[in-house]
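Have a look at the structure below before the remarks.
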Amino acid sequence: MSTFQDEDMSVSSYSTREDFENKNQNTSSTELSSAQPRRPTTVTSGSAQEAEAWLKNDERVRLLRDVGIMMLLLTAAFASAAVYMSLRASEQREFESKFTDQAAQVGRGLNSQLVVKLRAIDALSATITSYVGAKETSWPNVTLPDFSFRSAIAIRNGGGVALGLHPIVNAEHRGQWENFSFQAQSWRKDGLEFQKKFQNTLPADGLHVHDDEGNPGHRDQVEEFELQTISKYIFQIEDGIPRIVGEEAKVMLPLWQHTPVHDGLPMVNYDIYRKRNRRNLNALNEVMENGVSILGQFFDLAQSFHGRYSDTLLEDYDGYNWTAIWNGEVDIGIEGNNTRLLSRPDRTNPDAVIYTDELNDTEIGYINPSNTHSSLEGPATNIWYPVFSELSGENRTVAAIISMTARWDSFLLPILPPDAKGLIVVISNACRQYLTFEITGNEVAYLGPEDYHELKYDVYKTRFDLETEGSGFMKIPLSREACAYRATIYPSAKMRKAFETNTPVALTVSVVFVFLFTLFIFTAYDYLVQRRQNVLASVAHRSTTIVSALFPKIVRDRLFDDSKKPMQEKRGTMQFSAPTHNGDANRGAKSAPIADLFTNTTVMFGDIAGFTAWSSSRQPTEVFILLETLYGAFDKIAKDMDVFKVETIGDCYVAVTGLPHAQADHHLRMVKFSRHVLQKTSVLTREMEVELGPDTTNLGFRIGLHSGPVTAGVLRGEKSRFQLFGDTVNTASRMESTGKQNQIQVSQSTADLIAASGKGHWMRKRDELVQAKGKGLVQTYWVRSKVSSSEKIEEDLDLDILSPSGRRVSTSSVVFERKDTESHEAAHRNTIRQSLIDWQVELLSRLLKQIVLQRDMSNNNKTKPIGDAGIPKMLPRDEIAEKIVMPAFDSKIKQESMDIGSVELPAVVLSQLNDLVTTIALLYHENSFHNYEHACHVTMSANKLLQRIVIPSTKEKKEKRKQAHEYTFGLTSDPLTQFAIVFSAIIHDLDHHGVSNQQLVKEKNRLSVMYDDKSVAEQNSIDLAFEVLTSPSYSDLVSCICDNEDDYKRFRQLVINCVMATDIFDNDLLSFRNNRWQKAFSGQDASQSDLKATIVIEHIIQAADVAHTMQHWHVYQRWNEKLFIEMKNAYESGRGPEKDPALSWYQGELWFFDNYVIPLAKKLDDCGVFGVSSDECFNYARENRKEWESKGRGIVEEMANRYKREENEEDRKEGSTSSNDCVFIRKEGAGSFQRYRQLLVVVMNCDLASGHASI
C-alpha cells in the first residue's frame, strides 16, 4: 500500500504536467520489466487475506458437498421406500374403489332387473284383467286369446324361462271349471303353432322330446308332435303319482294357459296349491289375500317339470295320456325298480337321461357357461304375481296368479361389470337358502347352493336388499313377508390378484437408479466445476491484482458493482429519450436511467364493468371492436384535454395528469376527463349494441382517482415502456376496484384538492367506509355526474295504433308520454327491447344480403309460388327429417368476392323485416327466463358458433372453397342455412307459457291436445312463427329469403329441425338423435355429409339454447337465477313441480351439467368444425360446474331468500284496462293467423312502462 501512496504523492511533487510526462517517457524498458516482479509484492497483504478467505470458503463448499451427497443417499432410501409403499397402497385403493363401483353396479342392477321382470308380468296381468272386463266373462272360466304371443313378450322382456296362468278355483266352481278346461283346449294348438312359426321368440329349454320312433331327441330335430288331451280333473302329485284333488279342497290353483307348450303328458290342471311345501303355501296365500307379488324360494331347474315349480311324475307315466291314467290303465310298480323320477337329459350326452336320485349337491346348479340361457339347468325362482278382477277399485279381488320361472343368472347377466374378475355374489333369503355366483368378464359361474365366499374378505362385504315398492301399471308391491331376498357381494383372491403388478418394484428400482445416476452426475459435475473454479480463481486473482494496481478502490468497486452515474434531478419536468442500447449493453452503458419523481399528480384507473362476462359470449373480433372503439375515443379526449395516457392492460385504462410537465389543476382536469369518459362510454355502448348484440348497453365504466407523488420513467430493455411507480398508483387502483359501475370514486387526498379549488359541490361523501387492500378502512367520495333526463320515450314500431276512442295514431314512430308513476327501470327496459329488435334486424339483414348476393352470383333465377299451400298439413314433430340435403358445391360462387356492402335490400323488405322482428318480440311473454331477451342471447350464441366454424387452409382458392364446403358439410357456403339457424334461435321459445311441456300435458291444455302431448311448446312456436311469416304482410320478405318453392321447403325444414332440437327431454327424440349420431360419426363415410350437417346444425341451436352454462360464471349465474324465478313462479301458481324447486335446484344443476351440458360440449368438439370454440365451451362448462358444486348451495339459498323478499313487495300492475290503454292492430294481415287467432291484437299500456304485451 505504501507504494501506491508514494506514487500518488510523487505525481504532485512535479512542478508541471510536462515534467511528469517527461519522467514517464524517460523510463527505460528495463525499469519497467524489473518493476513487474515487484508489483505483486505491493499487494501481498491484501492477496494473503483474500487467499485465506478463499480457502475457508472452499472448505465450507466441500463440507456442503459432502452433506449434500449424504442427504442424497438418505433421500434415495426414503424415496424408494415411499414410492414402493405408495404404489402398493395405490393398488389397494384401486382394488377397493373398483370393488365398490362394481358391487354398487351389481346391487343396483339386481334391483333393476327385478323391476324389469315385475313390469313384464304386470303388463300381462293388466292385459288379462282388461280382457276379462271387456268381454264380461267371469272367473275362473277365462281363456286369453293370443296368450302365447302375449306371454312370449313377457318372458322375453322379463328374461324368464316359462310362464303360466293359475286361476283361483273354489270348491263350488270346481265342476264347472273342469268341464270348461277340458273343452277349451284350442289355445294349446294355437300356442304350438306360434312356437313353430316363431322358434326364436322363446329361449330354448333344453328338454328332450321324442321322435317318430319314440327315441329321445331335441325339439329342433322334430318338426311337429301331436298334443295329448289334458287332464279333465284337477290333480296333485304325491311321491311321483298323480292323484285327483279331494273334494275337501276349498281353494285350488290349477295350471291353465302356459308358455311354452310341450309334448308328452300335459300338466294342465296341476294344482300348485297342493305342492308339499309350507312356505310355498304361505306365499300363495299372501298373494291371494293381500294382492302382492312374491319372489319364491330357490329350486333347481334340472328337477323341475318343463321349467315349472312342480312335483315330478314317475318315469312310468311317460308315454301315457290322462284318460288312461284316470281309467287305471297304467300299471305302476310302486315297490319296483321303475319308480325313478325323470329329471333331465345328461348335459354331456344329449341322448342319455339323468334321474333325480343320481343328482348330488354339487350338481344342483350346473350352468352351461357357453350358453347360459339354452338349458333348463341351474338355480331358479318363481315370481308369483296376482291377476285382479278389476284394474282398480276398493272391491277388486285376486282372481288368478301368474307364475314366471326365472333363472338367477338372468338377474346377473344383463348387469355384468365389463371388467369384473372374481366378483362373488351371494344370494340369500329369509328361508335360509343360499346361492353363490362368481362373475368374471361376461361369464357367470354358479359355485353352489351355499355361501362360498372367502372369509378374509368379510370386511368388504356390501349388501343390497332386493325390493321394490311397486312397478308397472298395477303398482303391485313386492312382499317381504315371505322369503325376503338379499344380495351380499364380496371380492375374491382372484380379483385382488388382478390388481397386483410389478409396477411398484419396477418404479422403485427406477427411483433408485435415478438417484444413483443423479449422484454420479453430481459428483462428475462437482469435479468439473472444481477444475473450472480453480482456473477462474487463478484468473480472478490475477485480474484483481491488475485492477487494484490500475484503479483506486472506489473506482474498482463501482466497476465490480456495475454502478451507474445517477441522473441529474429535474423537478417538475422530464426529458424523454428512447433507449438506444439493449439490456446487455445497458449494463455497461454510462447513461443514467430515465426516471424522475413527480410530486403533484392525479392518477386514474378505469375498468369496463361487466367486460369479462360480456366477452365470454362474443367473438374475438367483436371484443376488439369494443375495446378499439372505446379506447380510441378516450385517447382523443385525453389528447384534447392534455391528459397523459400511460397504458392499457386488458380492459383497464390508466392515465395521469401532472406529468410529464407540471399542471396546477391536475386534479380538476382529471375529474373532467373522467366525466367525459363516462359520457362517451354510455353513448358508444348504446350505438354499438346494434352491431355487438345484447347486453352491450349494460357495460359501464368504473373509475378511481388518487392524487400524490409518483416515480415515472422508462424501464429500458426489451419492449421498453413508460411506467409509473409508487403508492399513489396503488391507491388509485384500489379506488377503481372498490368503486361502482358508471361512478367516479376519489380518495381523500383528491377530494381535499378539489374542495380547495372551490369545487366541493362536485362531490358527495360515500356513505360507508371502503376496505382498501393495504390501506384498511378509508373514506372516499363520489364525483357527481351531470343529470340529463328525457321526458319522452320513443318506440320505433311499425304498427297502427288505435286509442280507446278509436282515433288512429302515427304508424311509423310511436311516441308515448311518460306517466308520473312510471319507473326509470321500466322505461329503460323498453329502450333495451327496442335496441335488441334493432340488433336482430341488423343481424338478419346481413344474412339476407348474403342470400341475395349468392343467388345473384349463381344465376339462380327460377321462381315458383311460395307458401305453405304445397306442404301437407301435419304436425311439426312429424316433419322432423333425419337429414336435410345441403346444396352442392357451386364453383361459380366465390366467397372472397361476396361483399355484402354492395347489396342494398329493398326498403319494403327492410320494413317488413323490422315489422316481423317487432311482432315476434311482442309475441314473447314476460317470463323470467323464456322471454325475448333470452331469445336474443340464444341468437347471439348461435351466430357466434356459426362465425367460429373453422375452415382448413389451402393454397389454391378454388380448392380452398371446395375443401371448406366439404369440411364444414356445406354450412359455410349456404347463407340460407345460416339465416334459418338464426331465425330459429329468435323464435324457438315463441309464445312460451313459462311452464314445462309436462305441465301443459298434465293440465290438458288445448295446445297439448292439439300436439298429441308431445313437444307442445316447440311445435306451437314453429306453427305460430310460420303463420306470422307466411301472412300477406311479409310476402316481399319471404320472396327475398326464398325465391322458389324448393328453397322455402328447405328453409322450413331447417327451422323445424332446429326448434325441435331444443326439446331435450323427449325420450323418443333423444333416442332418434343418438342413433343418428352413431350412424353419422361412427366412421369416416363421406356419403354421410348431409346427415353430419343436420347434426351440426341442431347442435348449434342446442348449444346456443344453453349457452349461458358454457360462458362466464356471471352470465351463468344471471340466467340460472332467471330460470329459478320462472320455475318458482310456476310452483307458487300451482303450475310447476310438486316440490319447491329450491329443494332440488343444487343437485338438478349438477345433473344437468353432467348429463347434458358437458356431453354436449364434448360433442361440439367431436363435430370437428368448431375449432377452439368447442374447447372454450367445454372449459367454461367444466369451470361453471366446479364453481356451482362449491358455491351452489349458498347461491340457491340466496336466490330463494331474494325471491321471498320480492314476493312480499307489491306486484307491478300489468294489463291495465284504463283509458290510457292502446290497442295495436297490424296494418296488413288481419285474419292471416288462421290457426290460433283470427286477429292479432296486442293490448299494451300506452306508456309501455311494464314492457308486457298480452296476446
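Residues in the C-alpha cells are numbered from 1 in each chain, the chains being A, B, ... in the order shown, and ligands are numbered from 1 in the order shown.
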Which residues are near Ala751 (chain A)? Cut-off 10 Å, only C-alpha atoms, ignore same chain within fewer than 4 positions. Put them as a list in words. His667, Leu705, His706, Ser707, Gln745, Val746, Ser747, Ala755, Ala756, Ser757, Lys759, Gly760, Trp762, Met763, Arg764, Lys765, Thr780, Tyr781, Trp782 and Val783 of chain A
Could you please take those selected residues and save C-alpha atoms as a PDB file, in the first residue's frame?
```pdb
ATOM      1  CA  HIS A 667     -56.975  17.092 -10.096  1.00  0.00           C
ATOM      2  CA  LEU A 705     -58.746   8.668  -8.791  1.00  0.00           C
ATOM      3  CA  HIS A 706     -55.968   9.431  -6.344  1.00  0.00           C
ATOM      4  CA  SER A 707     -53.536  12.332  -6.102  1.00  0.00           C
ATOM      5  CA  GLN A 745     -64.577   7.384  -6.794  1.00  0.00           C
ATOM      6  CA  VAL A 746     -61.863   9.669  -5.455  1.00  0.00           C
ATOM      7  CA  SER A 747     -59.637   9.341  -2.423  1.00  0.00           C
ATOM      8  CA  ALA A 755     -62.528  21.205  -2.289  1.00  0.00           C
ATOM      9  CA  ALA A 756     -59.555  23.558  -2.001  1.00  0.00           C
ATOM     10  CA  SER A 757     -60.168  24.576  -5.623  1.00  0.00           C
ATOM     11  CA  LYS A 759     -65.393  22.647  -6.420  1.00  0.00           C
ATOM     12  CA  GLY A 760     -66.578  20.823  -3.343  1.00  0.00           C
ATOM     13  CA  TRP A 762     -68.791  18.295  -7.391  1.00  0.00           C
ATOM     14  CA  MET A 763     -68.555  15.587  -4.751  1.00  0.00           C
ATOM     15  CA  ARG A 764     -70.632  13.751  -2.238  1.00  0.00           C
ATOM     16  CA  LYS A 765     -69.325  11.668   0.631  1.00  0.00           C
ATOM     17  CA  THR A 780     -63.853   8.070  -0.208  1.00  0.00           C
ATOM     18  CA  TYR A 781     -66.090  10.360  -2.238  1.00  0.00           C
ATOM     19  CA  TRP A 782     -68.275  10.077  -5.311  1.00  0.00           C
ATOM     20  CA  VAL A 783     -67.998  12.651  -8.081  1.00  0.00           C
TER      21      VAL A 783
END
```
Using only C-alpha atoms, I'd like a table of the residues in region 984-1032 of chain A that come within 8 Å of region 1052-1061 of chain A; for each, show the closest atom pair and its distance in Å rounded to one decimal, ordered by chain and ascending number, as JSON lines.
```
{"residue": "A:Ser984", "atom": "CA", "partner": "A:Val1055", "partner_atom": "CA", "distance": 5.4}
{"residue": "A:Ala985", "atom": "CA", "partner": "A:Val1059", "partner_atom": "CA", "distance": 7.6}
{"residue": "A:His988", "atom": "CA", "partner": "A:Val1059", "partner_atom": "CA", "distance": 5.3}
{"residue": "A:Ser1015", "atom": "CA", "partner": "A:Met1060", "partner_atom": "CA", "distance": 7.5}
{"residue": "A:Glu1018", "atom": "CA", "partner": "A:Met1060", "partner_atom": "CA", "distance": 5.9}
{"residue": "A:Gln1019", "atom": "CA", "partner": "A:Met1060", "partner_atom": "CA", "distance": 7.3}
{"residue": "A:Ile1022", "atom": "CA", "partner": "A:Ile1056", "partner_atom": "CA", "distance": 6.7}
```
Could you give me, as an MDAnalysis selection string, each residue of region 388-527 of chain A that DSSP assigns to strand (DSSP E or B) when run on this structure's backbone? chainID A and resid 388 398:407 421:429 434:440 443:448 462:466 471 476 478 485:490
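Between CA of Asn830 (chain A) and CA of His930 (chain A) the separation is 17.3 Å.
Between CA of Asp1046 (chain A) and CA of Gln1102 (chain A) the separation is 25.9 Å.
In this comparison, which uses only C-alpha atoms, the residue of A:Lys849, A:Asp767, A:Gly774, A:Ala655 approaching Leu724 (chain A) most closely is A:Ala655.
Atom pair CA of Thr728 (chain A) / CA of Val603 (chain A) has a distance of 7.3 Å (rounded to one decimal).
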